[in-house]
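Engineer: You'll find coords-v5.cif just under this line, and it carries mmCIF, C-alpha atoms.
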```cif
data_input
#
loop_
_atom_site.label_atom_id
_atom_site.label_comp_id
_atom_site.auth_asym_id
_atom_site.auth_seq_id
_atom_site.Cartn_x
_atom_site.Cartn_y
_atom_site.Cartn_z
CA ALA X 498 122.24 83.44 69.07
CA ALA X 499 120.92 84.44 72.49
CA TYR X 500 117.73 82.45 71.97
CA LEU X 501 119.73 79.46 70.73
CA ARG X 502 121.81 79.50 73.91
CA LEU X 503 118.58 79.68 75.89
CA VAL X 504 116.93 76.71 74.15
CA LEU X 505 119.79 74.25 73.59
CA PRO X 506 120.26 73.10 77.22
CA HIS X 507 116.61 72.05 77.35
CA LEU X 508 116.46 70.05 74.11
CA PRO X 509 117.08 66.61 75.73
CA HIS X 510 114.16 67.13 78.12
CA VAL X 511 111.89 68.35 75.31
CA LEU X 512 112.87 65.45 73.03
CA LEU X 513 112.21 62.90 75.78
CA HIS X 514 108.73 64.24 76.47
CA SER X 515 107.95 64.56 72.76
CA THR X 516 108.89 60.93 72.20
CA THR X 517 106.75 59.64 75.07
CA HIS X 518 103.88 61.77 73.75
CA LEU X 519 104.16 60.41 70.20
CA LEU X 520 104.23 56.87 71.59
CA SER X 521 101.23 57.64 73.84
CA LEU X 522 103.23 56.64 76.89
CA SER X 523 102.48 59.75 78.96
CA GLN X 524 99.38 60.69 80.95
CA GLN X 525 99.29 64.01 79.12
CA ALA X 526 99.09 62.41 75.67
CA ALA X 527 95.32 61.99 76.01
CA TYR X 528 94.90 65.75 76.43
CA TRP X 529 97.83 67.56 74.79
CA ASP X 530 98.93 67.81 71.20
CA LEU X 531 102.61 67.78 70.21
CA LYS X 532 102.87 71.58 70.27
CA ALA X 533 101.62 71.71 73.86
CA THR X 534 104.00 68.91 74.85
CA VAL X 535 107.01 70.75 73.40
CA ILE X 536 106.13 74.14 74.92
CA ILE X 537 105.25 72.83 78.37
CA GLY X 538 108.28 70.51 78.33
CA PHE X 539 110.55 73.47 77.64
CA CYS X 540 108.94 75.57 80.39
CA ARG X 541 109.25 72.73 82.89
CA SER X 542 112.94 72.23 82.05
CA TYR X 543 113.69 75.96 82.14
CA LEU X 544 112.06 76.38 85.55
CA GLN X 545 113.59 73.24 87.02
CA ILE X 546 114.88 73.61 90.60
CA PRO X 547 117.74 73.21 91.25
CA SER X 548 118.69 74.62 87.87
CA PRO X 549 121.29 72.65 85.91
CA ARG X 550 122.84 76.03 85.05
CA GLY X 551 123.62 76.67 88.69
CA PRO X 552 122.63 79.68 90.80
CA ARG X 553 122.43 83.09 89.16
CA THR X 554 121.72 86.56 90.42
CA VAL X 555 118.19 87.91 90.46
CA GLU X 556 119.23 90.64 88.03
CA LYS X 557 120.60 88.06 85.56
CA VAL X 558 117.35 86.12 85.50
CA GLN X 559 115.31 89.31 85.15
CA THR X 560 117.42 90.44 82.20
CA GLU X 561 117.02 87.05 80.53
CA THR X 562 113.23 87.03 80.80
CA ASN X 563 112.52 90.73 80.23
CA ARG X 564 114.10 91.26 76.81
CA PRO X 565 112.14 93.86 74.81
CA GLN X 566 110.09 92.40 71.95
CA LYS X 567 108.98 94.09 68.75
CA ALA X 568 105.24 94.24 68.20
CA ALA X 569 103.96 91.51 65.90
CA ALA X 570 102.38 92.28 62.54
CA ASP X 571 98.87 91.80 63.97
CA THR X 572 99.44 94.10 66.95
CA TRP X 573 99.06 97.81 67.57
CA CYS X 574 101.38 98.99 70.34
CA ALA X 575 101.77 102.55 71.61
CA GLU X 576 104.18 103.19 74.48
CA VAL X 577 103.45 105.90 77.03
CA SER X 578 104.93 107.38 80.21
CA TYR X 579 102.89 108.84 83.05
CA ALA X 580 103.29 110.13 86.59
CA ALA X 581 101.13 110.78 89.62
CA GLY X 582 101.61 114.51 89.94
CA GLU X 583 102.29 116.71 92.96
CA GLY X 584 100.60 115.75 96.20
CA PHE X 585 99.91 112.13 95.26
CA ASP X 586 99.20 110.54 98.64
CA ALA X 587 98.54 106.93 97.69
CA GLU X 588 101.50 105.54 99.61
CA LYS X 589 100.16 106.95 102.87
CA ALA X 590 96.62 105.80 102.05
CA VAL X 591 97.81 102.28 101.21
CA ARG X 592 99.94 102.14 104.35
CA ASP X 593 96.99 103.26 106.50
CA GLU X 594 94.71 100.62 104.96
CA ILE X 595 97.33 97.88 105.39
CA VAL X 596 97.48 98.74 109.09
CA ALA X 597 93.68 99.03 109.35
CA LEU X 598 93.38 95.45 108.07
CA GLY X 599 95.81 94.04 110.59
CA GLY X 600 99.27 94.67 109.14
CA GLY X 601 101.97 95.91 111.50
CA GLU X 602 102.97 99.45 110.60
CA ALA X 603 106.66 98.73 111.19
CA ALA X 604 106.56 95.95 108.61
CA VAL X 605 105.23 98.16 105.78
CA LEU X 606 108.21 99.15 103.68
CA LYS X 607 108.58 102.67 102.31
CA VAL X 608 108.61 102.36 98.53
CA GLY X 609 107.56 105.79 97.27
CA PHE X 610 106.29 106.14 93.72
CA GLU X 611 107.91 106.82 90.38
CA GLN X 612 107.11 107.79 86.83
CA LEU X 613 105.80 104.69 85.10
CA SER X 614 105.71 103.46 81.54
CA GLY X 615 103.17 101.23 79.88
CA GLU X 616 101.74 100.33 76.52
CA TRP X 617 98.40 100.48 74.81
CA VAL X 618 97.77 97.29 72.87
CA SER X 619 95.06 96.45 70.35
CA ALA X 620 94.57 93.94 67.55
CA ARG X 621 95.06 95.24 64.03
CA SER X 622 92.12 94.62 61.73
CA ARG X 623 94.65 94.04 58.94
CA PRO X 624 98.09 92.69 59.85
CA LEU X 625 101.07 94.57 58.46
CA ASP X 626 102.67 93.08 55.36
CA GLY X 627 105.90 95.00 55.90
CA PRO X 628 107.62 97.35 58.36
CA ALA X 629 105.36 99.60 60.43
CA PRO X 630 105.13 103.17 59.12
CA ALA X 631 107.20 105.78 60.93
CA GLN X 632 104.92 107.36 63.55
CA ASP X 633 105.40 108.93 66.94
CA ALA X 634 103.65 107.37 69.94
CA ARG X 635 100.65 109.72 69.81
CA GLU X 636 100.06 109.05 66.11
CA THR X 637 100.33 105.32 66.77
CA TYR X 638 97.79 105.56 69.59
CA GLU X 639 95.33 107.54 67.45
CA ALA X 640 95.62 104.94 64.68
CA LEU X 641 95.21 102.17 67.27
CA LEU X 642 92.04 103.73 68.65
CA ALA X 643 90.61 104.34 65.17
CA ASP X 644 91.12 100.62 64.42
CA THR X 645 89.54 99.43 67.71
CA PRO X 646 85.81 98.58 67.48
CA GLU X 647 84.84 99.41 71.10
CA LYS X 648 86.36 102.85 71.59
CA ASP X 649 84.87 103.88 74.93
CA SER X 650 85.98 100.84 76.95
CA ALA X 651 89.33 99.40 78.00
CA ILE X 652 91.05 96.64 79.95
CA LEU X 653 93.75 97.32 82.54
CA TRP X 654 95.99 94.25 82.29
CA LEU X 655 98.44 93.50 85.11
CA HIS X 656 101.01 91.04 83.80
CA GLY X 657 102.22 87.95 85.61
CA GLY X 658 105.74 86.85 86.48
CA ALA X 659 105.73 86.08 90.23
CA TYR X 660 106.05 89.83 90.95
CA TRP X 661 109.73 89.80 89.91
CA LEU X 662 109.79 88.77 86.25
CA CYS X 663 108.35 89.74 82.85
CA SER X 664 107.04 92.98 81.40
CA PRO X 665 104.32 94.33 79.10
CA SER X 666 106.27 93.16 76.03
CA THR X 667 106.56 89.54 77.25
CA HIS X 668 102.78 89.38 77.66
CA ARG X 669 101.85 91.27 74.49
CA PRO X 670 101.03 88.13 72.41
CA MET X 671 98.50 87.02 75.03
CA VAL X 672 97.15 90.52 75.62
CA VAL X 673 96.47 91.13 71.92
CA ASN X 674 94.34 87.97 71.84
CA HIS X 675 92.22 89.39 74.65
CA SER X 676 91.97 92.66 72.77
CA ARG X 677 90.77 90.79 69.69
CA SER X 678 88.15 88.76 71.58
CA SER X 679 86.87 91.76 73.59
CA ARG X 680 87.08 94.16 70.62
CA THR X 681 88.67 96.82 72.82
CA ARG X 682 92.07 98.27 73.74
CA VAL X 683 94.23 97.03 76.59
CA PHE X 684 96.56 99.07 78.78
CA VAL X 685 99.51 97.19 80.30
CA PRO X 686 101.55 99.10 82.88
CA GLU X 687 105.17 98.30 83.62
CA TYR X 688 104.71 98.19 87.37
CA ARG X 689 107.77 98.02 89.59
CA LEU X 690 109.14 94.54 90.27
CA ALA X 691 110.43 92.89 93.43
CA PRO X 692 112.86 92.39 95.03
CA GLN X 693 114.18 95.81 94.01
CA HIS X 694 110.73 97.26 94.69
CA PRO X 695 108.90 95.10 97.27
CA PHE X 696 105.30 95.29 98.44
CA PRO X 697 103.41 97.60 98.33
CA ALA X 698 105.16 99.10 95.27
CA ALA X 699 103.27 97.00 92.70
CA LEU X 700 99.94 97.73 94.42
CA ILE X 701 100.60 101.49 94.44
CA ASP X 702 101.56 101.32 90.76
CA ALA X 703 98.39 99.38 89.93
CA LEU X 704 96.29 102.03 91.69
CA LEU X 705 98.20 104.82 89.93
CA SER X 706 97.62 103.13 86.56
CA TYR X 707 93.91 102.71 87.26
CA LEU X 708 93.60 106.41 88.13
CA TYR X 709 95.55 107.27 84.98
CA LEU X 710 92.88 105.56 82.89
CA LEU X 711 89.99 107.11 84.80
CA HIS X 712 91.40 110.63 85.00
CA PRO X 713 94.13 111.13 82.40
CA PRO X 714 96.48 114.00 83.26
CA PRO X 715 97.32 116.75 80.76
CA GLY X 716 99.24 115.35 77.81
CA ALA X 717 97.81 111.81 78.04
CA PHE X 718 96.83 110.26 74.73
CA HIS X 719 93.46 108.93 75.87
CA ALA X 720 90.23 110.57 77.02
CA PRO X 721 88.78 109.70 80.46
CA ILE X 722 87.42 106.16 80.63
CA ALA X 723 84.38 105.60 82.83
CA ALA X 724 84.80 103.03 85.58
CA GLU X 725 81.75 101.16 84.28
CA LYS X 726 83.63 100.71 80.99
CA LEU X 727 86.83 99.41 82.59
CA VAL X 728 87.79 95.83 83.45
CA ILE X 729 90.79 95.02 85.62
CA ALA X 730 92.48 91.80 84.52
CA GLY X 731 95.66 89.83 84.94
CA ASP X 732 97.39 86.48 84.89
CA SER X 733 99.23 84.64 87.67
CA ALA X 734 100.79 87.28 89.96
CA GLY X 735 98.97 89.88 87.87
CA GLY X 736 95.73 88.11 88.74
CA GLY X 737 96.62 88.26 92.41
CA LEU X 738 97.51 91.94 92.03
CA SER X 739 94.15 92.57 90.34
CA LEU X 740 92.38 91.03 93.33
CA ALA X 741 94.55 93.01 95.76
CA LEU X 742 93.65 96.21 93.90
CA ILE X 743 89.93 95.39 94.28
CA GLN X 744 90.45 94.76 98.00
CA LEU X 745 92.26 98.10 98.28
CA ILE X 746 89.45 99.96 96.50
CA LEU X 747 86.82 98.28 98.68
CA GLN X 748 88.75 99.28 101.79
CA LEU X 749 89.21 102.87 100.57
CA GLN X 750 85.46 103.06 100.06
CA ARG X 751 84.74 101.62 103.51
CA THR X 752 86.93 104.28 105.14
CA LYS X 753 85.80 107.01 102.71
CA THR X 754 89.44 107.74 101.88
CA THR X 755 90.22 109.84 98.83
CA ILE X 756 93.40 109.92 96.74
CA HIS X 757 94.91 113.22 95.61
CA TRP X 758 95.46 112.98 91.88
CA HIS X 759 96.56 115.91 89.72
CA GLY X 760 94.80 118.55 91.77
CA GLN X 761 91.71 116.49 92.62
CA ASP X 762 90.72 114.47 95.68
CA ILE X 763 89.20 111.35 94.16
CA GLN X 764 86.99 108.69 95.70
CA VAL X 765 88.21 105.66 93.77
CA PRO X 766 85.34 103.78 92.06
CA LEU X 767 85.16 100.06 91.43
CA PRO X 768 85.58 98.83 87.84
CA ALA X 769 82.89 97.12 85.79
CA GLY X 770 84.45 93.73 86.39
CA VAL X 771 87.53 91.60 87.02
CA ALA X 772 88.99 88.85 84.81
CA ILE X 773 91.81 86.69 86.11
CA ILE X 774 93.74 83.73 84.76
CA SER X 775 95.52 81.28 87.10
CA ALA X 776 95.62 83.92 89.83
CA TRP X 777 98.35 83.66 92.45
CA CYS X 778 96.08 84.67 95.31
CA ASP X 779 97.88 82.76 98.09
CA VAL X 780 101.49 83.96 97.99
CA SER X 781 102.53 81.48 100.72
CA ARG X 782 101.40 78.58 98.49
CA CYS X 783 100.56 76.56 101.59
CA PHE X 784 96.98 75.93 100.47
CA GLY X 785 95.66 72.42 100.84
CA GLN X 786 98.09 70.96 103.37
CA LEU X 787 95.34 68.92 104.95
CA SER X 788 95.13 65.35 106.16
CA ASP X 789 93.81 64.18 102.79
CA PHE X 790 96.79 65.76 101.02
CA PRO X 791 99.81 65.39 103.33
CA ASP X 792 102.10 66.82 100.65
CA GLY X 793 99.76 69.69 99.89
CA SER X 794 97.01 69.64 97.28
CA GLU X 795 99.31 71.47 94.86
CA GLU X 796 101.39 68.32 94.39
CA THR X 797 98.37 66.45 93.03
CA CYS X 798 98.59 68.70 89.94
CA HIS X 799 102.24 67.96 89.15
CA THR X 800 101.39 65.89 86.08
CA TYR X 801 100.01 68.82 84.11
CA ASP X 802 101.88 71.87 85.37
CA TYR X 803 105.33 73.29 84.67
CA LEU X 804 105.76 75.65 87.62
CA PRO X 805 108.19 74.69 90.39
CA THR X 806 106.49 73.14 93.38
CA ALA X 807 105.95 75.24 96.49
CA HIS X 808 108.81 73.40 98.17
CA GLY X 809 110.97 73.84 95.08
CA SER X 810 110.31 77.57 94.99
CA ALA X 811 111.25 77.83 98.67
CA ASP X 812 114.54 76.05 97.91
CA MET X 813 115.44 78.40 95.04
CA VAL X 814 118.95 79.81 95.46
CA HIS X 815 120.31 83.01 93.90
CA LEU X 816 123.81 84.38 93.99
CA PRO X 817 124.10 87.40 96.30
CA SER X 818 123.64 90.69 94.49
CA PRO X 819 122.55 94.26 95.25
CA ALA X 820 118.90 93.29 94.71
CA TRP X 821 118.88 90.18 96.91
CA ASN X 822 121.37 89.19 99.57
CA PRO X 823 121.34 88.16 103.26
CA ASP X 824 121.50 91.78 104.44
CA VAL X 825 118.44 92.75 102.36
CA GLN X 826 116.56 89.70 103.58
CA LYS X 827 117.36 90.47 107.22
CA GLN X 828 116.52 94.16 106.89
CA ARG X 829 113.12 93.43 105.33
CA GLY X 830 112.33 90.29 107.29
CA SER X 831 111.76 88.47 103.99
CA SER X 832 112.51 84.91 102.95
CA GLN X 833 110.88 85.58 99.56
CA PHE X 834 111.04 88.47 97.10
CA TYR X 835 107.62 90.11 97.30
CA SER X 836 106.87 91.14 100.87
CA PRO X 837 107.99 90.88 104.49
CA ASP X 838 107.08 87.46 105.79
CA VAL X 839 104.78 88.89 108.49
CA LEU X 840 102.58 90.39 105.74
CA ILE X 841 102.22 87.22 103.65
CA SER X 842 98.75 86.61 105.11
CA HIS X 843 97.58 90.20 104.54
CA PRO X 844 94.68 90.45 102.04
CA PHE X 845 96.63 92.98 99.94
CA VAL X 846 99.37 90.33 99.52
CA SER X 847 97.31 87.12 99.55
CA PRO X 848 93.75 88.17 98.61
CA ILE X 849 92.43 84.68 99.28
CA LEU X 850 92.53 85.64 102.98
CA ALA X 851 90.34 88.74 102.64
CA ASP X 852 87.60 88.95 105.27
CA SER X 853 84.95 90.13 102.82
CA TRP X 854 84.27 90.47 99.11
CA ALA X 855 80.88 92.10 99.62
CA SER X 856 80.18 94.77 96.96
CA ALA X 857 83.00 93.52 94.69
CA PRO X 858 82.28 93.72 90.94
CA PRO X 859 81.46 90.65 88.80
CA MET X 860 84.41 88.32 88.23
CA TRP X 861 85.56 85.80 85.65
CA ILE X 862 88.15 83.23 86.77
CA SER X 863 89.94 80.69 84.59
CA VAL X 864 92.23 77.97 85.91
CA GLY X 865 93.66 74.63 84.78
CA ASP X 866 94.75 71.47 86.60
CA GLU X 867 97.73 73.39 87.96
CA TYR X 868 99.41 74.08 91.26
CA LEU X 869 97.28 77.17 91.85
CA ARG X 870 93.99 75.39 91.02
CA ASP X 871 92.73 74.76 94.53
CA GLN X 872 93.46 78.22 95.87
CA ASN X 873 91.37 79.60 93.00
CA LEU X 874 88.59 77.12 93.78
CA PHE X 875 88.60 78.21 97.41
CA LEU X 876 88.55 81.86 96.34
CA ALA X 877 85.55 81.14 94.10
CA HIS X 878 83.60 79.72 97.04
CA ARG X 879 84.45 82.80 99.11
CA LEU X 880 83.26 85.11 96.33
CA LEU X 881 79.97 83.26 95.95
CA ALA X 882 79.40 83.25 99.70
CA ASP X 883 79.73 87.04 99.69
CA GLY X 884 77.27 87.45 96.83
CA VAL X 885 79.74 88.29 94.06
CA LYS X 886 78.62 87.44 90.54
CA LEU X 887 81.09 84.87 89.24
CA ARG X 888 81.85 82.77 86.18
CA PHE X 889 84.43 80.10 87.01
CA GLU X 890 86.02 78.02 84.25
CA LYS X 891 88.27 75.07 85.08
CA TYR X 892 90.09 73.35 82.20
CA THR X 893 91.02 69.68 82.54
CA ALA X 894 94.72 68.81 82.22
CA MET X 895 95.76 72.37 81.36
CA PRO X 896 98.80 74.03 82.99
CA HIS X 897 99.37 77.44 84.50
CA VAL X 898 98.30 80.34 82.21
CA PHE X 899 97.89 77.97 79.27
CA GLN X 900 96.02 80.73 77.39
CA GLY X 901 99.29 82.60 77.01
CA LEU X 902 101.39 79.57 76.05
CA LEU X 903 99.43 77.37 73.70
#
```
When written as C-alpha cells, how does the structure in this file appear?
Structural biologist:
Amino acid sequence: AAYLRLVLPHLPHVLLHSTTHLLSLSQQAAYWDLKATVIIGFCRSYLQIPSPRGPRTVEKVQTETNRPQKAAADTWCAEVSYAAGEGFDAEKAVRDEIVALGGGEAAVLKVGFEQLSGEWVSARSRPLDGPAPAQDARETYEALLADTPEKDSAILWLHGGAYWLCSPSTHRPMVVNHSRSSRTRVFVPEYRLAPQHPFPAALIDALLSYLYLLHPPPGAFHAPIAAEKLVIAGDSAGGGLSLALIQLILQLQRTKTTIHWHGQDIQVPLPAGVAIISAWCDVSRCFGQLSDFPDGSEETCHTYDYLPTAHGSADMVHLPSPAWNPDVQKQRGSSQFYSPDVLISHPFVSPILADSWASAPPMWISVGDEYLRDQNLFLAHRLLADGVKLRFEKYTAMPHVFQGLL
C-alpha cells in the first residue's frame, strides 16, 4: 500500500512520456527503450521541484527513501556493526587537514564519531529458491565469503543520495551487480547523513570504514584486507565522497599524520584504485556558467537527466523541523544540507577543486549525458594533467547513475 501511494501521483507523467516514446515523438526515443522511459519518467516526476505534494520535512523525505529492503534471492547480505575504539583521533586529524588546505577553523563543525553499521554484499552463485536459511550474521558472512570467487580482495562502496538520502539497502541491487562483475565482496557502510550530521561526518565515517577493512578490530568477521587489494568506489555523492577520501589520504601522507586505531598509530595507505559513477564532485553545481552556456552547461543535459536542476535544487523548500530550520541554517552558516557555505569550495567537499592529484591511485569514471557530466569531464582532465592513470567512459543519452536504474 505504501508503494502504491508513492507511485500513483506520478502515473500521469509516466503515461505521457511512455506514449510519446511509443510514438517516437521524443528525443529520447532514439536511445531509450520503454523500460528506461518509464523508470526515468517516474524519477523525474518524483524529484520535480516544486513538488506537487507540497513541502515536507527533511525527516519525512528521508524516511520515505530509506525504507529497509530484504536481500534479493541472488544476493548475499551480512550486516555488521563496528566502532573506532578508544583514542580514535580522526576528527582532529581531519579538522587539521581541512585548515591546512585553506578551510577556516571556525567553520569546521564538531561532529564526533559514532558506532557504525554496514553490510557485506556478494552475488550468490545460485539464487535462493525459497526463504533464506536461519543463520546469524557471522554464519551468513562465512557462507558469503565461501561463495565469493576472489576472497582476498574487496570493494568499499560509498552510496549516493546527495549526502542526505538513501542507505546500503537502497543501493544493494546495484552493488550486487558490481560484486558479480568483479567476482569479489563489497562492503557498504551506513555513513551518517546530513543535515543531522553535516560535513565532515561522512568523511570521518568513510575513513573509519576504510580502516575497518584494513585493520579489523577484535570480533570483526573479516580478516585484514591489504590496501593493494581494496578499491574505493561510489555513485553520485558517494563518488564525491570517494574522491574526498582520496584527497584526505593524500594530505595525511603529505603531512605524515597517523590515525590512532585500536591501539595502533597507522599511516593510512592509498587503495589499489578508485571507481566512481556520476560523481558529485562540485557540490556548488555552478560548473560551466561560462559565456557559451549562460544558463550553465548543466542545463544542456536536461533532455536526458531526471535530477532537479541546480537552480531547482537551490529553490527546494522543506518544512521546518529539528533537522533543518532557520536557526540551524544560521548557526552553521549553511544554505544547503551538507556543509557550511564557506567550505563549499574546499577539496574535501568539492574534490574537483583540489590543487593536486599527484600520486593518486588509478581511477575509473563513468558518466552519462547528465547534469554532472561536465564537472566529471573537467575532473578527468585534472587527473590526467597530474599523471593519474584513468579510464573515462561517457555514455550518450544516459541519465545520472543509469547503471543503478536500468
Engineer: Name the closest residue to Leu512 in chain X among the candidates X:Ile701, X:Ala569, X:Val596, X:Leu531; distances are taken between atoms, counting only C-alpha atoms.
Structural biologist: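 Of X:Ile701, X:Ala569, X:Val596, X:Leu531, the one nearest Leu512 in chain X, counting only C-alpha atoms, is X:Leu531.
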Engineer: Please produce, as a tab-separated table, a per-residue contact table for range 782-845 of chain X versus range 863-867 of chain X (criterion: any atom at most 9 Å away, all atoms listed in the file considered), showing the nearest atom pair and its distance in Å to one decimal, sorted by chain then residue number.
Structural biologist:
```
residue	atom	partner	partner_atom	distance
X:Glu795	CA	X:Glu867	CA	7.3
X:Glu796	CA	X:Glu867	CA	9.0
X:Thr797	CA	X:Glu867	CA	8.6
X:Cys798	CA	X:Glu867	CA	5.2
X:His799	CA	X:Glu867	CA	7.2
X:Thr800	CA	X:Glu867	CA	8.6
X:Tyr801	CA	X:Asp866	CA	6.4
X:Asp802	CA	X:Glu867	CA	5.1
X:Tyr803	CA	X:Glu867	CA	8.3
X:Leu804	CA	X:Glu867	CA	8.3
```
Engineer: Please return, as an MDAnalysis selection string, all polymer residues that have at least one atom within 12 Å of the point (99.4, 113.4, 90.0); use only C-alpha atoms and the file's own coordinate frame.
Structural biologist: chainID X and resid 579:587 610:613 704:706 708:709 712:715 756:763
Engineer: Within 12 Å of range 648-664 of chain X, which residues of range 779-855 of chain X come that close, and what is the closest atom pair and distance in Å for each? Count all atoms listed in the file and give it as a tab-separated table.
Structural biologist:
```
residue	atom	partner	partner_atom	distance
X:Asp779	CA	X:Ala659	CA	11.6
X:Val780	CA	X:Ala659	CA	9.1
X:Ser781	CA	X:Ala659	CA	11.9
X:Arg782	CA	X:Ala659	CA	12.0
X:Leu804	CA	X:Ala659	CA	10.8
X:Pro805	CA	X:Ala659	CA	11.7
X:Ser810	CA	X:Ala659	CA	10.8
X:Ala820	CA	X:Trp661	CA	10.9
X:Trp821	CA	X:Trp661	CA	11.5
X:Gln833	CA	X:Trp661	CA	10.6
X:Phe834	CA	X:Trp661	CA	7.4
X:Tyr835	CA	X:Tyr660	CA	6.5
X:Ser836	CA	X:Tyr660	CA	10.0
X:Val846	CA	X:Tyr660	CA	10.9
```
Engineer: Just the residues within 10 Å of Ala568 in chain X, please, counting all atoms listed in the file, with nothing from its chain fewer than 6 positions along; format it as a list of chain:residue names.
Structural biologist: X:Cys574, X:Ala575, X:Val618, X:Ala629, X:Ser666, X:Arg669, X:Pro670
Engineer: With distances taken over all atoms listed in the file, which of X:Lys886, X:Arg541, X:His719, X:His694 is nearest to Glu639 in chain X?
Structural biologist: X:His719
Engineer: Find the residues around Gln828 in chain X up to 10 Å (only C-alpha atoms counted), leave out those fewer than 4 positions away in its own chain, and share them as a ChimeraX atom specification.
Structural biologist: /X:823-824,837
Engineer: With the file shown as input, list the residues that the PyMOL selection byres ((chain X and resi 615) around 6) selects, as a list of chain:residue names.
Structural biologist: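 Applied to this file, the PyMOL selection byres ((chain X and resi 615) around 6) selects X:Glu576, X:Val577, X:Ser614, X:Glu616, X:Val685, X:Pro686, X:Glu687.
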Engineer: Smallest atom-to-atom distance to Leu767 in chain X: which of X:Ala857, X:Ala590, X:Leu840, X:Ala851, using all atoms listed in the file?
Structural biologist: X:Ala857
